[in-house]
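K.L.:
Input: one structure, supplied below.
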Amino acid sequence: MKIERATLREFPLSLREFFEISSGGSQDRRILLLTLEGEGLEGWSECVASREPAYSYETTDTAWHVLTDFVLPRIVGREIEGPEDVLEPVSWIRGHGMAKAAVEMAAWDLTARADGVSLSEKLGGTRASVSVGVSVGIKPDDDALHEQVAGFLEDGYARVKIKIKPGRDVEMLAGLREAFPDVSFMADANSAYTLDDVDRLRALDALDLMMIEQPLRYDDFFHHARLQAEIETPVCLDESIKTVGDTELALELESCRIINIKPGRVGGLGTSRRIHDRMREAGLAVWCGGMLETGVGRAHNVALASLPGFTLPGDISASRRYWEQDVVSPEFDVAGGEMAVPTGPGIGVEVDVERIAALTVREATFD
Ligand code: OSB
Ligand code: MG
C-alpha cells in the first residue's frame, strides 16, 4: 500500500485529576495524534511523549520536530508491504522511539483496516478481553490514598499500582496492605532510588507486592541486577527497556523478572511483540503499561495486551479514569477486572474527528 498522506495534530486535554509520579506531575496534557492515509483508508495513532523530558528525554516538542522535519516527509509517498516497513527510510535516526512509534502504530491500524481485520487479530492476539489494573499517583496523605484505592476496587480493577518515592513508600504501603489485605498491589518508583536504599527496598518483601517497577536509574541494568539478587519482590523494568537488545541485556544480567511493555517507549508494536516473544521464550511475564493516553493510544495498548504472553494486568484503565470525555467512541470501560478488546477493523473504535478538529491548536499535513 502507498502512504498517500500524513497529518499530525496537537490539542490540549486536561486529566480529571493531577497525576504525580516521583519524576514529575501531569495535569494538562498535550496530545499528539497522527493519521496516515492510503487506499482511501485512515490509520490512527497517538504519540506518548509528555510535556517535560522527565520520564523520557522525548517531549511533545521534540516529537513534533522529529516527525515534521525528518520522519513524515520521508515516509509519505512510499510503498509499504507491512506496517514495520514504514520506518525503513528513517532507520538512520537514532533514538526518538516515541516519535517513530507513532508512525509505525498508525501504519498497523491502516494495514489492519486494509486487511479488514482488527488490530488485535493482525498482531496475533488470542484474547477477547484483557486483565486490567489502575495506576495511582502519589497522594499527599494516606486517607486520600485509601479512599481512592477503595473507589478503584469498586470499579473492579484486577490490581492496583501505587506510585512511590522516598518519604512516601514503605510505611504508606504497609498501611495499605493492612487496610486491604487481599488486594494485588504493586509499586512503581520511576527511578527514585539508588542501591544505598537497599534496606528500604528489602522492607517491601514483607508486603506481598506483585513487583516493584523501575526502582533505580532509567539506564542502569547493572544495579537493578544487584538489587534483584538482594530482594524477593520481583523487579519489573519500564524506563530501562527501549529495544530488544535492552531485553537481552536485562535477561543476561538478571536485572528483572518482569517487563512493562509500552509500545510508544519501545518504538512501536513490532518491537513490543518481539520483546513479548523473547520474554515468553525465557518463561517470564510481561504486561502492557500506559502513558495516560486518550482512547486512540489505549486502543493500541488493548490490542497489544491481547497477545498470549501478556499474563499480568496492564495499566489500561477506563476512559473515565483519565478524561471527562474521551476522543473515541465507545469509550473504554472495565468490568470485573477486564476490558473488552475491540473487534472492528483496525483499532476498532471510532475517533471523534469533529471534536479533535475543534480542539486542535497545531496541525501539519504531508502529501
Ligand atoms: O511509569 O508507568 C509509568 C504515566 C506516565 C508516565 C509514566 C508512567 C505512568 C503511569 C500511568 O503509571 C499509566 C496509565 O494509566 O496510563
Ligand atoms: Mg512505570
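All residue names refer to the C-alpha cells as shown: chains lettered A, B, ... in order, residues numbered from 1 in each chain, ligands numbered from 1 in order.
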Residues contacting ligand 2 - anything with an atom at most 7 Å away, using only C-alpha atoms and all ligand atoms - can you give me those as a list in words?

P.N.:
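For ligand 2, the residues inside 7 Å are Asp188, Asn190, Glu213, Gln214, Asp238 and Glu239 of chain A.
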
K.L.:
Do you know which residues are within 10 Å of ligand 1 using only C-alpha atoms and all ligand atoms? Can you write them as a PDB file with N, CA and C atoms, in the first residue's frame?

P.N.:
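Ended up saving to out34.pdb:
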ATOM      1  N   PHE A  19      -1.840  13.947  38.260  1.00  0.00           N
ATOM      2  CA  PHE A  19      -1.208  12.633  38.405  1.00  0.00           C
ATOM      3  C   PHE A  19       0.259  12.845  38.726  1.00  0.00           C
ATOM      4  N   GLU A  20       0.657  12.491  39.969  1.00  0.00           N
ATOM      5  CA  GLU A  20       2.045  12.721  40.385  1.00  0.00           C
ATOM      6  C   GLU A  20       2.836  11.429  40.425  1.00  0.00           C
ATOM      7  N   ILE A  21       4.048  11.466  39.833  1.00  0.00           N
ATOM      8  CA  ILE A  21       4.993  10.355  39.968  1.00  0.00           C
ATOM      9  C   ILE A  21       6.307  10.941  40.476  1.00  0.00           C
ATOM     10  N   SER A  22       7.261  10.059  40.879  1.00  0.00           N
ATOM     11  CA  SER A  22       8.461  10.577  41.535  1.00  0.00           C
ATOM     12  C   SER A  22       9.239  11.533  40.632  1.00  0.00           C
ATOM     13  N   SER A  23       9.098  11.394  39.319  1.00  0.00           N
ATOM     14  CA  SER A  23       9.867  12.250  38.406  1.00  0.00           C
ATOM     15  C   SER A  23       9.083  13.462  37.900  1.00  0.00           C
ATOM     16  N   GLY A  24       7.864  13.688  38.411  1.00  0.00           N
ATOM     17  CA  GLY A  24       7.126  14.879  37.986  1.00  0.00           C
ATOM     18  C   GLY A  24       5.624  14.663  38.031  1.00  0.00           C
ATOM     19  N   GLY A  25       4.867  15.610  37.469  1.00  0.00           N
ATOM     20  CA  GLY A  25       3.405  15.506  37.510  1.00  0.00           C
ATOM     21  C   GLY A  25       2.779  15.808  36.170  1.00  0.00           C
ATOM     22  N   SER A  26       1.522  15.379  35.999  1.00  0.00           N
ATOM     23  CA  SER A  26       0.777  15.665  34.769  1.00  0.00           C
ATOM     24  C   SER A  26      -0.615  16.146  35.129  1.00  0.00           C
ATOM     25  N   VAL A  48       3.187   9.193  22.552  1.00  0.00           N
ATOM     26  CA  VAL A  48       3.064   9.230  24.017  1.00  0.00           C
ATOM     27  C   VAL A  48       4.056  10.171  24.703  1.00  0.00           C
ATOM     28  N   ALA A  49       4.803  10.959  23.933  1.00  0.00           N
ATOM     29  CA  ALA A  49       5.739  11.895  24.576  1.00  0.00           C
ATOM     30  C   ALA A  49       4.965  12.855  25.484  1.00  0.00           C
ATOM     31  N   SER A  50       5.601  13.247  26.589  1.00  0.00           N
ATOM     32  CA  SER A  50       4.969  14.156  27.549  1.00  0.00           C
ATOM     33  C   SER A  50       5.485  15.574  27.351  1.00  0.00           C
ATOM     34  N   ALA A  54      11.040  14.180  31.494  1.00  0.00           N
ATOM     35  CA  ALA A  54      11.283  13.579  32.804  1.00  0.00           C
ATOM     36  C   ALA A  54      11.278  12.059  32.717  1.00  0.00           C
ATOM     37  N   TYR A  55      10.159  11.487  32.297  1.00  0.00           N
ATOM     38  CA  TYR A  55      10.088  10.032  32.125  1.00  0.00           C
ATOM     39  C   TYR A  55      11.057   9.600  31.026  1.00  0.00           C
ATOM     40  N   SER A  56      11.131  10.423  29.968  1.00  0.00           N
ATOM     41  CA  SER A  56      11.990  10.146  28.819  1.00  0.00           C
ATOM     42  C   SER A  56      12.581  11.472  28.349  1.00  0.00           C
ATOM     43  N   VAL A 132      -7.039  -5.895  33.474  1.00  0.00           N
ATOM     44  CA  VAL A 132      -6.533  -4.525  33.630  1.00  0.00           C
ATOM     45  C   VAL A 132      -6.477  -4.067  35.083  1.00  0.00           C
ATOM     46  N   GLY A 133      -5.491  -3.207  35.334  1.00  0.00           N
ATOM     47  CA  GLY A 133      -5.315  -2.599  36.643  1.00  0.00           C
ATOM     48  C   GLY A 133      -5.370  -1.085  36.514  1.00  0.00           C
ATOM     49  N   VAL A 134      -4.997  -0.420  37.597  1.00  0.00           N
ATOM     50  CA  VAL A 134      -5.014   1.035  37.594  1.00  0.00           C
ATOM     51  C   VAL A 134      -3.753   1.523  38.290  1.00  0.00           C
ATOM     52  N   SER A 135      -3.237   2.661  37.831  1.00  0.00           N
ATOM     53  CA  SER A 135      -2.034   3.255  38.387  1.00  0.00           C
ATOM     54  C   SER A 135      -2.428   4.490  39.195  1.00  0.00           C
ATOM     55  N   VAL A 136      -2.061   4.490  40.475  1.00  0.00           N
ATOM     56  CA  VAL A 136      -2.474   5.561  41.383  1.00  0.00           C
ATOM     57  C   VAL A 136      -1.285   6.475  41.665  1.00  0.00           C
ATOM     58  N   GLY A 137      -1.443   7.754  41.374  1.00  0.00           N
ATOM     59  CA  GLY A 137      -0.386   8.731  41.590  1.00  0.00           C
ATOM     60  C   GLY A 137      -0.085   8.939  43.073  1.00  0.00           C
ATOM     61  N   LYS A 161      -1.644  -0.322  41.176  1.00  0.00           N
ATOM     62  CA  LYS A 161      -0.236   0.088  41.216  1.00  0.00           C
ATOM     63  C   LYS A 161      -0.139   1.415  41.949  1.00  0.00           C
ATOM     64  N   ILE A 162       0.780   1.474  42.911  1.00  0.00           N
ATOM     65  CA  ILE A 162       0.935   2.670  43.724  1.00  0.00           C
ATOM     66  C   ILE A 162       2.278   3.320  43.386  1.00  0.00           C
ATOM     67  N   LYS A 163       2.243   4.584  43.045  1.00  0.00           N
ATOM     68  CA  LYS A 163       3.472   5.317  42.791  1.00  0.00           C
ATOM     69  C   LYS A 163       4.139   5.627  44.129  1.00  0.00           C
ATOM     70  N   ALA A 187       4.201  -1.615  43.246  1.00  0.00           N
ATOM     71  CA  ALA A 187       4.685  -0.246  43.421  1.00  0.00           C
ATOM     72  C   ALA A 187       5.527   0.151  42.212  1.00  0.00           C
ATOM     73  N   ASP A 188       5.515   1.443  41.886  1.00  0.00           N
ATOM     74  CA  ASP A 188       6.323   1.977  40.783  1.00  0.00           C
ATOM     75  C   ASP A 188       7.073   3.203  41.285  1.00  0.00           C
ATOM     76  N   ALA A 189       8.415   3.131  41.244  1.00  0.00           N
ATOM     77  CA  ALA A 189       9.249   4.208  41.802  1.00  0.00           C
ATOM     78  C   ALA A 189       9.741   5.195  40.748  1.00  0.00           C
ATOM     79  N   ASN A 190       9.569   4.887  39.475  1.00  0.00           N
ATOM     80  CA  ASN A 190      10.090   5.774  38.416  1.00  0.00           C
ATOM     81  C   ASN A 190      11.499   6.277  38.733  1.00  0.00           C
ATOM     82  N   SER A 191      12.375   5.321  39.092  1.00  0.00           N
ATOM     83  CA  SER A 191      13.814   5.598  39.247  1.00  0.00           C
ATOM     84  C   SER A 191      14.175   6.492  40.427  1.00  0.00           C
ATOM     85  N   GLU A 213       8.364  -1.744  40.303  1.00  0.00           N
ATOM     86  CA  GLU A 213       8.694  -1.286  38.955  1.00  0.00           C
ATOM     87  C   GLU A 213       9.749  -0.176  39.000  1.00  0.00           C
ATOM     88  N   GLN A 214      10.762  -0.323  38.184  1.00  0.00           N
ATOM     89  CA  GLN A 214      11.806   0.687  37.942  1.00  0.00           C
ATOM     90  C   GLN A 214      12.253   1.406  39.225  1.00  0.00           C
ATOM     91  N   LEU A 237      11.099  -3.885  34.924  1.00  0.00           N
ATOM     92  CA  LEU A 237      11.692  -2.713  34.274  1.00  0.00           C
ATOM     93  C   LEU A 237      10.697  -2.054  33.332  1.00  0.00           C
ATOM     94  N   ASP A 238      10.692  -0.718  33.358  1.00  0.00           N
ATOM     95  CA  ASP A 238       9.862   0.104  32.485  1.00  0.00           C
ATOM     96  C   ASP A 238      10.817   0.998  31.670  1.00  0.00           C
ATOM     97  N   GLU A 239      11.211   2.153  32.231  1.00  0.00           N
ATOM     98  CA  GLU A 239      12.068   3.126  31.546  1.00  0.00           C
ATOM     99  C   GLU A 239      13.310   2.505  30.903  1.00  0.00           C
ATOM    100  N   ASN A 260       7.442  -4.280  31.770  1.00  0.00           N
ATOM    101  CA  ASN A 260       6.282  -3.470  31.395  1.00  0.00           C
ATOM    102  C   ASN A 260       6.554  -2.981  29.974  1.00  0.00           C
ATOM    103  N   ILE A 261       5.760  -3.476  29.024  1.00  0.00           N
ATOM    104  CA  ILE A 261       5.946  -3.063  27.623  1.00  0.00           C
ATOM    105  C   ILE A 261       4.983  -1.923  27.295  1.00  0.00           C
ATOM    106  N   LYS A 262       5.553  -0.810  26.845  1.00  0.00           N
ATOM    107  CA  LYS A 262       4.742   0.299  26.325  1.00  0.00           C
ATOM    108  C   LYS A 262       5.164   0.474  24.871  1.00  0.00           C
ATOM    109  N   CYS A 288       1.238  -4.760  29.780  1.00  0.00           N
ATOM    110  CA  CYS A 288       1.217  -3.552  28.961  1.00  0.00           C
ATOM    111  C   CYS A 288       1.041  -2.329  29.847  1.00  0.00           C
ATOM    112  N   GLY A 289       1.998  -1.410  29.768  1.00  0.00           N
ATOM    113  CA  GLY A 289       1.931  -0.176  30.546  1.00  0.00           C
ATOM    114  C   GLY A 289       1.126   0.883  29.817  1.00  0.00           C
ATOM    115  N   GLY A 290       1.044   2.046  30.430  1.00  0.00           N
ATOM    116  CA  GLY A 290       0.288   3.144  29.823  1.00  0.00           C
ATOM    117  C   GLY A 290       1.013   4.451  30.011  1.00  0.00           C
ATOM    118  N   MET A 291       0.641   5.436  29.216  1.00  0.00           N
ATOM    119  CA  MET A 291       1.226   6.786  29.304  1.00  0.00           C
ATOM    120  C   MET A 291       0.112   7.827  29.331  1.00  0.00           C
ATOM    121  N   LEU A 292      -0.966   7.528  30.083  1.00  0.00           N
ATOM    122  CA  LEU A 292      -2.076   8.482  30.226  1.00  0.00           C
ATOM    123  C   LEU A 292      -2.646   8.855  28.852  1.00  0.00           C
ATOM    124  N   GLU A 293      -2.800   7.841  28.007  1.00  0.00           N
ATOM    125  CA  GLU A 293      -3.249   8.082  26.641  1.00  0.00           C
ATOM    126  C   GLU A 293      -4.753   8.396  26.566  1.00  0.00           C
ATOM    127  N   THR A 294      -5.130   8.987  25.427  1.00  0.00           N
ATOM    128  CA  THR A 294      -6.547   9.054  25.061  1.00  0.00           C
ATOM    129  C   THR A 294      -6.946   7.668  24.543  1.00  0.00           C
ATOM    130  N   GLY A 297      -4.506   5.901  21.789  1.00  0.00           N
ATOM    131  CA  GLY A 297      -3.370   5.122  22.282  1.00  0.00           C
ATOM    132  C   GLY A 297      -3.831   3.900  23.070  1.00  0.00           C
ATOM    133  N   ARG A 298      -4.903   4.056  23.815  1.00  0.00           N
ATOM    134  CA  ARG A 298      -5.436   2.958  24.636  1.00  0.00           C
ATOM    135  C   ARG A 298      -5.863   1.790  23.743  1.00  0.00           C
ATOM    136  N   ASN A 301      -2.938  -0.190  22.916  1.00  0.00           N
ATOM    137  CA  ASN A 301      -2.462  -0.943  24.081  1.00  0.00           C
ATOM    138  C   ASN A 301      -3.319  -2.181  24.353  1.00  0.00           C
ATOM    139  N   GLY A 314      -2.643  -5.050  32.880  1.00  0.00           N
ATOM    140  CA  GLY A 314      -1.979  -3.867  32.332  1.00  0.00           C
ATOM    141  C   GLY A 314      -2.417  -2.583  33.011  1.00  0.00           C
ATOM    142  N   ASP A 315      -1.634  -1.509  32.768  1.00  0.00           N
ATOM    143  CA  ASP A 315      -2.055  -0.152  33.176  1.00  0.00           C
ATOM    144  C   ASP A 315      -2.960   0.386  32.073  1.00  0.00           C
ATOM    145  N   ILE A 316      -4.086  -0.269  31.900  1.00  0.00           N
ATOM    146  CA  ILE A 316      -5.017   0.091  30.825  1.00  0.00           C
ATOM    147  C   ILE A 316      -6.354   0.318  31.506  1.00  0.00           C
ATOM    148  N   SER A 317      -6.624   1.545  31.895  1.00  0.00           N
ATOM    149  CA  SER A 317      -7.810   1.812  32.704  1.00  0.00           C
ATOM    150  C   SER A 317      -8.916   2.405  31.844  1.00  0.00           C
ATOM    151  N   ALA A 318     -10.091   2.522  32.466  1.00  0.00           N
ATOM    152  CA  ALA A 318     -11.259   3.034  31.740  1.00  0.00           C
ATOM    153  C   ALA A 318     -11.027   4.482  31.312  1.00  0.00           C
ATOM    154  N   SER A 319     -11.645   4.884  30.204  1.00  0.00           N
ATOM    155  CA  SER A 319     -11.516   6.267  29.725  1.00  0.00           C
ATOM    156  C   SER A 319     -11.804   7.269  30.835  1.00  0.00           C
ATOM    157  N   ARG A 321     -11.285   7.148  33.916  1.00  0.00           N
ATOM    158  CA  ARG A 321     -10.246   7.292  34.934  1.00  0.00           C
ATOM    159  C   ARG A 321      -9.342   8.498  34.585  1.00  0.00           C
ATOM    160  N   TYR A 322      -9.304   8.831  33.286  1.00  0.00           N
ATOM    161  CA  TYR A 322      -8.430   9.909  32.818  1.00  0.00           C
ATOM    162  C   TYR A 322      -9.185  11.186  32.415  1.00  0.00           C
TER     163      TYR A 322
END

K.L.:
So which residues touch Glu331 (chain A) within 7 Å, counting only C-alpha atoms, skipping near sequence neighbours fewer than 3 positions away, as a list in words?

P.N.:
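Contacts, in chain order: Gly295, Ser319, Asp326 and Val328 of chain A.
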
K.L.:
Please save N, CA and C atoms of the selected residues as a JSON list (two decimals), in the first residue's frame.

P.N.:
[["chain", "number", "residue", "atom", "x", "y", "z"],
["A", 295, "GLY", "N", -8.19, 7.55, 24.12],
["A", 295, "GLY", "CA", -8.69, 6.29, 23.60],
["A", 295, "GLY", "C", -7.94, 5.77, 22.38],
["A", 319, "SER", "N", -11.65, 4.88, 30.20],
["A", 319, "SER", "CA", -11.52, 6.27, 29.73],
["A", 319, "SER", "C", -11.80, 7.27, 30.84],
["A", 326, "ASP", "N", -13.67, 11.14, 26.46],
["A", 326, "ASP", "CA", -12.58, 10.62, 25.62],
["A", 326, "ASP", "C", -12.80, 11.06, 24.17],
["A", 328, "VAL", "N", -12.68, 8.92, 21.64],
["A", 328, "VAL", "CA", -13.16, 7.78, 20.85],
["A", 328, "VAL", "C", -14.50, 7.33, 21.39]]

K.L.:
Give me, as CSV, each residue of region 150-269 of chain A that comes within 6 Å of region 97-113 of chain A, together with its shortest interatomic pair and the distance in Å at one decimal, counting only C-alpha atoms, with rows ordered by chain and rising residue number.

P.N.:
residue,atom,partner,partner_atom,distance
A:Gly264,CA,A:Met98,CA,4.9
A:Arg265,CA,A:Met98,CA,5.6
A:Val266,CA,A:Gly97,CA,6.0
A:Gly267,CA,A:Gly97,CA,4.1
A:Gly268,CA,A:Ala101,CA,4.1

K.L.:
Could you turn the residues from that selection into a file that holds N, CA, C and O atoms, as a short mmCIF file (atom, residue, chain, number, x, y, z; two decimals), in the first residue's frame?

P.N.:
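Writing done, so here's selection.cif:
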data_model
loop_
_atom_site.label_atom_id
_atom_site.label_comp_id
_atom_site.auth_asym_id
_atom_site.auth_seq_id
_atom_site.Cartn_x
_atom_site.Cartn_y
_atom_site.Cartn_z
N GLY A 264 4.81 2.79 22.75
CA GLY A 264 5.38 4.11 22.46
C GLY A 264 6.83 4.19 22.90
O GLY A 264 7.67 4.79 22.22
N ARG A 265 7.15 3.58 24.05
CA ARG A 265 8.51 3.66 24.59
C ARG A 265 9.52 2.85 23.78
O ARG A 265 10.69 3.19 23.72
N VAL A 266 9.07 1.74 23.19
CA VAL A 266 10.00 0.82 22.50
C VAL A 266 9.99 1.01 20.98
O VAL A 266 10.54 0.21 20.25
N GLY A 267 9.35 2.07 20.50
CA GLY A 267 9.40 2.37 19.07
C GLY A 267 8.33 1.69 18.24
O GLY A 267 8.41 1.70 17.02
N GLY A 268 7.33 1.08 18.90
CA GLY A 268 6.19 0.57 18.13
C GLY A 268 5.73 -0.82 18.54
O GLY A 268 6.25 -1.43 19.47
#

K.L.:
Give the alpha helix (DSSP H) residues of region 91-257 of chain A, as DSSP finds them on the backbone, and put them as a ChimeraX atom specification.

P.N.:
/A:97-115,119-123,142-155,170-179,198-202,221-230,244-253

K.L.:
Applying 12 Å and only C-alpha atoms, which residues near Asp115 (chain A) remain after dropping the ones on its own chain fewer than 3 positions away? List them as a tab-separated table (two decimals) with N, CA and C atoms, in the first residue's frame.

P.N.:
chain	number	residue	atom	x	y	z
A	1	MET	N	0.83	-1.20	0.00
A	1	MET	CA	0.00	0.00	0.00
A	1	MET	C	0.87	1.25	0.00
A	39	GLU	N	-5.09	4.06	0.20
A	39	GLU	CA	-6.20	3.23	-0.32
A	39	GLU	C	-7.55	3.71	0.22
A	41	LEU	N	-8.23	4.76	3.06
A	41	LEU	CA	-8.40	4.44	4.48
A	41	LEU	C	-7.52	5.35	5.32
A	81	GLU	N	4.87	-2.82	2.38
A	81	GLU	CA	4.25	-4.14	2.31
A	81	GLU	C	3.59	-4.48	3.63
A	82	GLY	N	4.27	-4.10	4.71
A	82	GLY	CA	3.72	-4.34	6.04
A	82	GLY	C	3.97	-3.13	6.91
A	83	PRO	N	3.36	-3.08	8.09
A	83	PRO	CA	3.45	-1.89	8.93
A	83	PRO	C	4.87	-1.52	9.35
A	108	TRP	N	0.16	0.23	11.46
A	108	TRP	CA	-0.52	-1.02	11.88
A	108	TRP	C	-2.03	-0.86	11.77
A	109	ASP	N	-2.55	0.26	12.24
A	109	ASP	CA	-4.00	0.47	12.16
A	109	ASP	C	-4.44	0.51	10.69
A	110	LEU	N	-3.68	1.25	9.89
A	110	LEU	CA	-4.02	1.41	8.47
A	110	LEU	C	-4.01	0.05	7.75
A	111	THR	N	-2.97	-0.75	7.97
A	111	THR	CA	-2.87	-2.02	7.24
A	111	THR	C	-3.86	-3.06	7.77
A	112	ALA	N	-4.18	-2.97	9.07
A	112	ALA	CA	-5.22	-3.88	9.60
A	112	ALA	C	-6.56	-3.55	8.94
A	118	SER	N	-9.20	-6.82	12.81
A	118	SER	CA	-8.91	-5.97	13.97
A	118	SER	C	-7.39	-5.92	14.18
A	119	LEU	N	-6.94	-4.86	14.85
A	119	LEU	CA	-5.52	-4.75	15.16
A	119	LEU	C	-5.07	-5.93	16.02
A	121	GLU	N	-6.24	-8.96	15.98
A	121	GLU	CA	-6.08	-10.14	15.11
A	121	GLU	C	-4.81	-10.03	14.27
A	122	LYS	N	-4.55	-8.84	13.75
A	122	LYS	CA	-3.36	-8.66	12.90
A	122	LYS	C	-2.07	-8.90	13.70
A	344	GLY	N	-13.79	-4.51	15.75
A	344	GLY	CA	-13.94	-3.88	14.43
A	344	GLY	C	-12.60	-3.76	13.73
A	345	PRO	N	-12.59	-3.34	12.46
A	345	PRO	CA	-11.33	-3.21	11.71
A	345	PRO	C	-10.36	-2.23	12.38
A	346	GLY	N	-9.08	-2.56	12.36
A	346	GLY	CA	-8.05	-1.68	12.93
A	346	GLY	C	-8.22	-1.53	14.42

K.L.:
Just how far from CA of Ala179 (chain A) is CA of Leu145 (chain A), in Å to one decimal?

P.N.:
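Between these atoms lies a distance of 11.1 Å.
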
K.L.:
At a cut-off of 8 Å, using only C-alpha atoms, what residues contact Pro308 (chain A)? Leave out same-chain residues fewer than 6 positions from it and give the result as a VMD selection string.

P.N.:
chain A and resid 125 to 127

K.L.:
Using all heavy atoms, can you export the residues from the last selection as a short mmCIF file (atom, residue, chain, number, x, y, z; two decimals), in the first residue's frame?

P.N.:
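Saved to part.cif:
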data_model
loop_
_atom_site.label_atom_id
_atom_site.label_comp_id
_atom_site.auth_asym_id
_atom_site.auth_seq_id
_atom_site.Cartn_x
_atom_site.Cartn_y
_atom_site.Cartn_z
N GLY A 125 -3.22 -11.56 18.44
CA GLY A 125 -3.87 -11.59 19.75
C GLY A 125 -4.74 -12.83 19.89
O GLY A 125 -5.28 -13.33 18.91
N THR A 126 -4.86 -13.31 21.13
CA THR A 126 -5.60 -14.55 21.37
C THR A 126 -6.71 -14.36 22.40
O THR A 126 -7.36 -15.32 22.79
CB THR A 126 -4.66 -15.66 21.88
OG1 THR A 126 -3.95 -15.16 23.02
CG2 THR A 126 -3.65 -16.06 20.81
N ARG A 127 -6.89 -13.14 22.90
CA ARG A 127 -7.87 -12.90 23.96
C ARG A 127 -8.96 -11.96 23.50
O ARG A 127 -8.68 -10.98 22.82
CB ARG A 127 -7.19 -12.19 25.12
CG ARG A 127 -6.43 -13.03 26.06
CD ARG A 127 -5.85 -12.09 27.13
NE ARG A 127 -4.41 -12.14 27.10
CZ ARG A 127 -3.70 -13.07 27.70
NH1 ARG A 127 -4.30 -14.01 28.37
NH2 ARG A 127 -2.40 -13.05 27.65
#

K.L.:
Which is closer to Arg273 (chain A) than all the others in A:Glu171, A:Asp155, A:Glu10, A:Glu84, using only C-alpha atoms?

P.N.:
A:Glu84

K.L.:
Would you list the contacts of Val198 (chain A) as a ChimeraX atom specification, taking every protein, DNA or RNA residue within 12 Å and counting only C-alpha atoms, but skipping same-chain residues closer than 5 positions in sequence?

P.N.:
/A:193,203-205,215-216,223-224,226-232

K.L.:
Measuring between only C-alpha atoms, which one of A:Leu36, A:Leu123, A:Ala282, A:Met210 shows the shortest distance to Ser306 (chain A)?

P.N.:
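Checking each of A:Leu36, A:Leu123, A:Ala282, A:Met210 against Ser306 (chain A), counting only C-alpha atoms, the winner is A:Leu123.
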